[in-house]
file model.cif (mmCIF, C-alpha atoms)
data_work
loop_
_atom_site.label_atom_id
_atom_site.label_comp_id
_atom_site.auth_asym_id
_atom_site.auth_seq_id
_atom_site.Cartn_x
_atom_site.Cartn_y
_atom_site.Cartn_z
CA MET M 1 85.60 45.22 -1.76
CA ALA M 2 84.01 44.52 -5.12
CA GLU M 3 80.31 43.68 -5.09
CA GLY M 4 80.92 40.25 -6.58
CA THR M 5 83.29 39.24 -3.79
CA LEU M 6 81.03 40.19 -0.88
CA PRO M 7 80.27 37.20 1.34
CA LYS M 8 76.62 36.24 1.54
CA ILE M 9 74.72 36.57 4.81
CA SER M 10 71.70 34.45 5.73
CA VAL M 11 69.43 36.36 8.12
CA ILE M 12 67.17 33.94 9.97
CA ILE M 13 64.02 35.27 11.64
CA PRO M 14 62.27 32.69 13.84
CA VAL M 15 58.69 33.68 14.63
CA PHE M 16 55.67 32.39 16.52
CA ASN M 17 52.46 34.45 16.39
CA GLY M 18 54.41 37.52 15.38
CA THR M 19 51.99 39.76 13.52
CA ASN M 20 52.61 42.57 16.03
CA TYR M 21 56.27 43.24 15.13
CA LEU M 22 57.31 40.95 12.27
CA ARG M 23 56.97 43.53 9.49
CA GLU M 24 59.25 45.93 11.32
CA ALA M 25 61.89 43.23 11.72
CA ILE M 26 61.77 42.20 8.05
CA ASP M 27 61.83 45.81 6.87
CA SER M 28 64.92 46.50 9.00
CA VAL M 29 66.77 43.81 7.04
CA LEU M 30 65.49 45.04 3.69
CA SER M 31 66.87 48.48 4.62
CA GLN M 32 70.44 47.25 5.14
CA THR M 33 73.29 49.08 3.41
CA TYR M 34 74.87 45.64 2.86
CA LYS M 35 73.04 43.99 -0.01
CA ASN M 36 74.36 40.44 -0.40
CA TYR M 37 71.97 38.70 1.97
CA GLU M 38 68.99 36.39 2.05
CA ILE M 39 66.13 36.48 4.55
CA ILE M 40 64.72 33.20 5.86
CA VAL M 41 61.61 33.58 8.03
CA VAL M 42 60.71 30.40 9.91
CA ASP M 43 57.07 30.27 11.07
CA ASP M 44 57.23 28.03 14.12
CA GLY M 45 53.61 26.82 14.10
CA SER M 46 51.88 30.20 14.37
CA THR M 47 48.11 30.28 14.87
CA ASP M 48 47.58 33.92 13.87
CA GLU M 49 48.16 35.66 10.51
CA THR M 50 51.95 35.36 10.65
CA TRP M 51 52.17 33.20 7.51
CA ALA M 52 50.09 35.72 5.54
CA VAL M 53 52.53 38.47 6.57
CA ILE M 54 55.45 36.34 5.39
CA GLN M 55 53.77 35.57 2.07
CA SER M 56 53.04 39.25 1.45
CA TYR M 57 56.77 39.88 0.89
CA GLY M 58 56.87 37.59 -2.13
CA SER M 59 60.34 36.83 -3.45
CA SER M 60 62.01 39.31 -1.07
CA LEU M 61 62.41 36.48 1.43
CA ARG M 62 62.08 32.74 1.87
CA GLY M 63 59.33 31.53 4.20
CA ILE M 64 59.32 28.15 5.92
CA ARG M 65 56.41 26.71 7.92
CA LYS M 66 56.92 24.04 10.56
CA GLU M 67 55.25 22.61 13.63
CA ASN M 68 55.91 24.48 16.85
CA GLY M 69 59.18 23.40 18.41
CA GLY M 70 60.66 26.52 20.01
CA VAL M 71 63.24 29.11 19.00
CA ALA M 72 66.17 26.69 18.75
CA SER M 73 64.17 24.40 16.49
CA ALA M 74 63.22 27.31 14.20
CA LEU M 75 66.80 28.62 14.10
CA ASN M 76 68.14 25.19 13.22
CA CYS M 77 65.58 24.82 10.45
CA GLY M 78 66.75 28.14 9.00
CA ILE M 79 70.46 27.32 9.32
CA GLN M 80 69.94 24.02 7.53
CA GLN M 81 68.30 25.84 4.62
CA ALA M 82 70.72 28.79 4.57
CA LYS M 83 73.04 29.44 1.64
CA GLY M 84 75.14 32.20 3.19
CA ASP M 85 78.75 32.33 4.35
CA TYR M 86 77.57 33.98 7.57
CA ILE M 87 74.50 33.43 9.74
CA ALA M 88 72.66 36.27 11.48
CA TRP M 89 69.72 35.77 13.84
CA LEU M 90 67.00 38.39 14.22
CA SER M 91 64.17 37.83 16.68
CA HIS M 92 60.87 38.85 15.12
CA ASP M 93 60.35 41.64 17.65
CA ASP M 94 63.86 43.14 17.32
CA LEU M 95 65.39 45.41 14.69
CA PHE M 96 68.65 45.82 12.80
CA LEU M 97 69.95 49.35 12.28
CA PRO M 98 70.73 50.02 8.60
CA ASN M 99 74.51 49.49 8.70
CA LYS M 100 74.58 46.48 11.05
CA LEU M 101 75.51 43.78 8.55
CA GLU M 102 77.99 46.00 6.71
CA ARG M 103 79.87 46.93 9.88
CA GLN M 104 80.02 43.34 11.13
CA VAL M 105 81.26 41.89 7.85
CA ASP M 106 83.91 44.64 7.72
CA PHE M 107 84.97 43.74 11.26
CA LEU M 108 85.24 39.99 10.65
CA GLN M 109 87.19 40.50 7.45
CA GLN M 110 89.53 43.01 9.09
CA PHE M 111 90.12 40.77 12.14
CA PRO M 112 90.11 37.16 10.87
CA GLN M 113 91.03 35.79 14.30
CA PHE M 114 87.35 36.28 15.19
CA LYS M 115 84.80 33.85 13.69
CA ALA M 116 81.75 35.62 15.10
CA CYS M 117 80.96 39.05 16.53
CA TYR M 118 78.25 40.87 18.45
CA THR M 119 77.47 44.56 18.86
CA ASP M 120 76.17 47.12 21.30
CA TYR M 121 72.47 47.90 21.03
CA TYR M 122 69.48 49.90 22.24
CA THR M 123 66.62 48.51 24.28
CA ILE M 124 63.20 49.75 23.16
CA ASP M 125 59.67 49.43 24.48
CA GLU M 126 56.59 48.00 22.79
CA ASN M 127 56.18 51.20 20.78
CA GLY M 128 59.81 51.45 19.67
CA LYS M 129 60.83 54.16 22.16
CA ILE M 130 64.46 53.87 23.26
CA LEU M 131 64.72 52.89 26.92
CA GLU M 132 68.45 52.36 27.33
CA GLU M 133 71.76 52.29 25.48
CA ILE M 134 73.62 49.04 26.10
CA GLU M 135 77.41 48.98 25.79
CA THR M 136 78.53 45.37 25.92
CA PRO M 137 81.85 44.19 27.39
CA TRP M 138 84.39 42.02 25.61
CA TYR M 139 86.53 39.27 27.12
CA PRO M 140 89.13 36.86 25.73
CA ARG M 141 87.85 33.36 25.11
CA GLN M 142 88.68 31.65 28.40
CA GLU M 143 87.44 34.55 30.51
CA ALA M 144 84.30 34.88 28.39
CA ILE M 145 83.40 31.24 29.06
CA ARG M 146 83.62 31.80 32.81
CA ILE M 147 81.67 35.08 32.81
CA LEU M 148 78.85 33.82 30.58
CA PHE M 149 77.84 31.35 33.28
CA GLY M 150 76.86 34.28 35.47
CA ARG M 151 76.05 37.09 33.06
CA VAL M 152 74.61 36.85 29.56
CA TYR M 153 76.13 39.89 27.88
CA ILE M 154 75.79 38.75 24.23
CA ASN M 155 72.46 39.58 22.59
CA GLY M 156 71.54 36.96 20.00
CA SER M 157 70.01 39.46 17.59
CA THR M 158 73.35 41.26 17.39
CA MET M 159 75.42 38.19 16.48
CA LEU M 160 76.98 37.39 13.10
CA ILE M 161 78.55 33.92 12.91
CA GLU M 162 80.69 32.31 10.26
CA ARG M 163 78.64 29.41 8.94
CA LYS M 164 81.55 26.96 9.21
CA CYS M 165 81.42 27.31 13.00
CA PHE M 166 78.21 25.25 13.10
CA GLU M 167 79.98 22.41 11.30
CA LYS M 168 82.35 22.26 14.27
CA VAL M 169 80.00 22.82 17.23
CA GLY M 170 76.64 21.63 15.91
CA LEU M 171 73.28 23.42 15.92
CA PHE M 172 71.31 25.07 18.73
CA SER M 173 70.12 22.75 21.51
CA GLU M 174 66.40 22.11 21.04
CA ARG M 175 66.15 20.87 24.64
CA LEU M 176 66.59 24.45 25.85
CA ARG M 177 63.56 26.69 25.28
CA TYR M 178 65.03 29.96 26.54
CA THR M 179 68.77 29.60 27.11
CA GLN M 180 69.72 28.04 23.78
CA ASP M 181 71.65 31.18 22.86
CA THR M 182 74.00 31.24 25.87
CA GLU M 183 74.69 27.52 25.55
CA MET M 184 75.63 28.07 21.91
CA TRP M 185 77.99 30.93 22.76
CA LEU M 186 79.72 28.66 25.28
CA ARG M 187 80.14 25.95 22.66
CA LEU M 188 81.50 28.43 20.13
CA LEU M 189 83.97 29.79 22.66
CA ARG M 190 85.47 26.34 23.18
CA TYR M 191 87.01 26.67 19.72
CA PHE M 192 86.66 30.24 18.44
CA GLU M 193 87.17 33.82 19.54
CA ILE M 194 84.03 35.98 19.45
CA GLY M 195 84.61 39.68 18.80
CA ARG M 196 82.69 42.85 19.60
CA VAL M 197 81.82 45.74 17.30
CA PRO M 198 81.62 48.72 19.71
CA GLU M 199 78.69 50.40 17.98
CA LYS M 200 74.95 50.31 18.68
CA LEU M 201 73.68 48.47 15.62
CA GLY M 202 70.44 46.88 16.82
CA ARG M 203 67.30 47.49 18.82
CA TRP M 204 66.16 44.85 21.31
CA ARG M 205 62.50 45.12 22.22
CA PHE M 206 61.47 44.61 25.83
CA HIS M 207 57.80 43.69 26.22
CA SER M 208 55.57 41.78 28.61
CA SER M 209 54.79 38.82 26.31
CA GLN M 210 58.41 37.62 26.10
CA GLY M 211 58.69 34.13 27.54
CA SER M 212 62.41 34.61 28.09
CA GLN M 213 61.78 37.22 30.79
CA SER M 214 61.03 34.57 33.42
CA ILE M 215 63.96 34.27 35.81
CA GLN M 216 62.66 30.95 37.14
CA ILE M 217 62.78 29.42 33.65
CA HIS M 218 66.42 30.47 33.27
#

call {"tool": "encode", "arguments": {"input": "model.cif", "output": "structure tokens"}}
result
Amino acid sequence: MAEGTLPKISVIIPVFNGTNYLREAIDSVLSQTYKNYEIIVVDDGSTDETWAVIQSYGSSLRGIRKENGGVASALNCGIQQAKGDYIAWLSHDDLFLPNKLERQVDFLQQFPQFKACYTDYYTIDENGKILEEIETPWYPRQEAIRILFGRVYINGSTMLIERKCFEKVGLFSERLRYTQDTEMWLRLLRYFEIGRVPEKLGRWRFHSSQGSQSIQIH
């Protein structure tokens, strides 16, 4: 595909007090083999030096500051400002592998029946050491809806979503602090098929400070 015809991807990085891992996340996007993208980093009311880290990248990305409202609120802020044909979400403590965006765009263009896709991934520890290789399942739309109520097998940082989907289903629910991703996948699946790229193209960091680790909250 000619460079001028490549669809644009908006990579949205929501962050709150993220000085520990944010640079790694941003650098993993800047290292992508796919080049037609923009990076939008949404500082969700950080009280540390997160905004200074964002500013240090200059014109390589677009930084937005807002009052703290949670991940869904930060994602929605980024989506509303995005200019891309596709939306990718990267948590500030996770990483893209270099060919993630390229492989996902190739997949969605090769299989137009899918309007979004996720990938397999690695889990890593606080220091970046690989803990596990995760091979995700895939299910047709109706079955996926049923299974997602009991098992969240789609990792948000591996998703690439056609922007037009949000015009149909709306934005992330800001009422949900930790399960906004699963609720969005269920809404998407009401209307669209979500595909799987069977390659490990991301690294999901498992660490003790993650609020989403609380089973009671879920």

call {"tool": "atom_distance", "arguments": {"input": "model.cif", "atom1": "CA of Lys66 in chain M", "atom2": "CA of Phe16 in chain M"}}
result
10.3 Å

call {"tool": "closest_residue", "arguments": {"input": "model.cif", "among": "M:Ile13, M:Leu131, M:Ala25, M:Val152", "to": "Gln180 in chain M", "atoms": "all atoms listed in the file"}}
result
M:Val152

call {"tool": "closest_residue", "arguments": {"input": "model.cif", "among": "M:Leu95, M:Ile12, M:Ile79, M:Val71", "to": "Gly170 in chain M", "atoms": "only C-alpha atoms"}}
result
M:Ile79

call {"tool": "closest_residue", "arguments": {"input": "model.cif", "among": "M:Asp44, M:Asp120, M:Asp125, M:Glu102", "to": "Gly156 in chain M", "atoms": "only C-alpha atoms"}}
result
M:Asp120

call {"tool": "residues_around", "arguments": {"input": "model.cif", "residues": "Glu38 in chain M", "least_positions_apart": "5", "cutoff": "8 Å", "atoms": "all atoms listed in the file", "output": "list in words"}}
result
Lys8, Ile9, Ser10, Val11, Leu61, Arg62 and Gly84 of chain M

call {"tool": "residues_around", "arguments": {"input": "model.cif", "residues": "Cys117 in chain M", "least_positions_apart": "6", "cutoff": "7 Å", "atoms": "all atoms listed in the file", "output": "PyMOL selection string"}}
result
chain M and resi 104+159-161+194-197

call {"tool": "atom_distance", "arguments": {"input": "model.cif", "atom1": "CA of Pro137 in chain M", "atom2": "CA of Ile40 in chain M"}}
result
29.6 Å
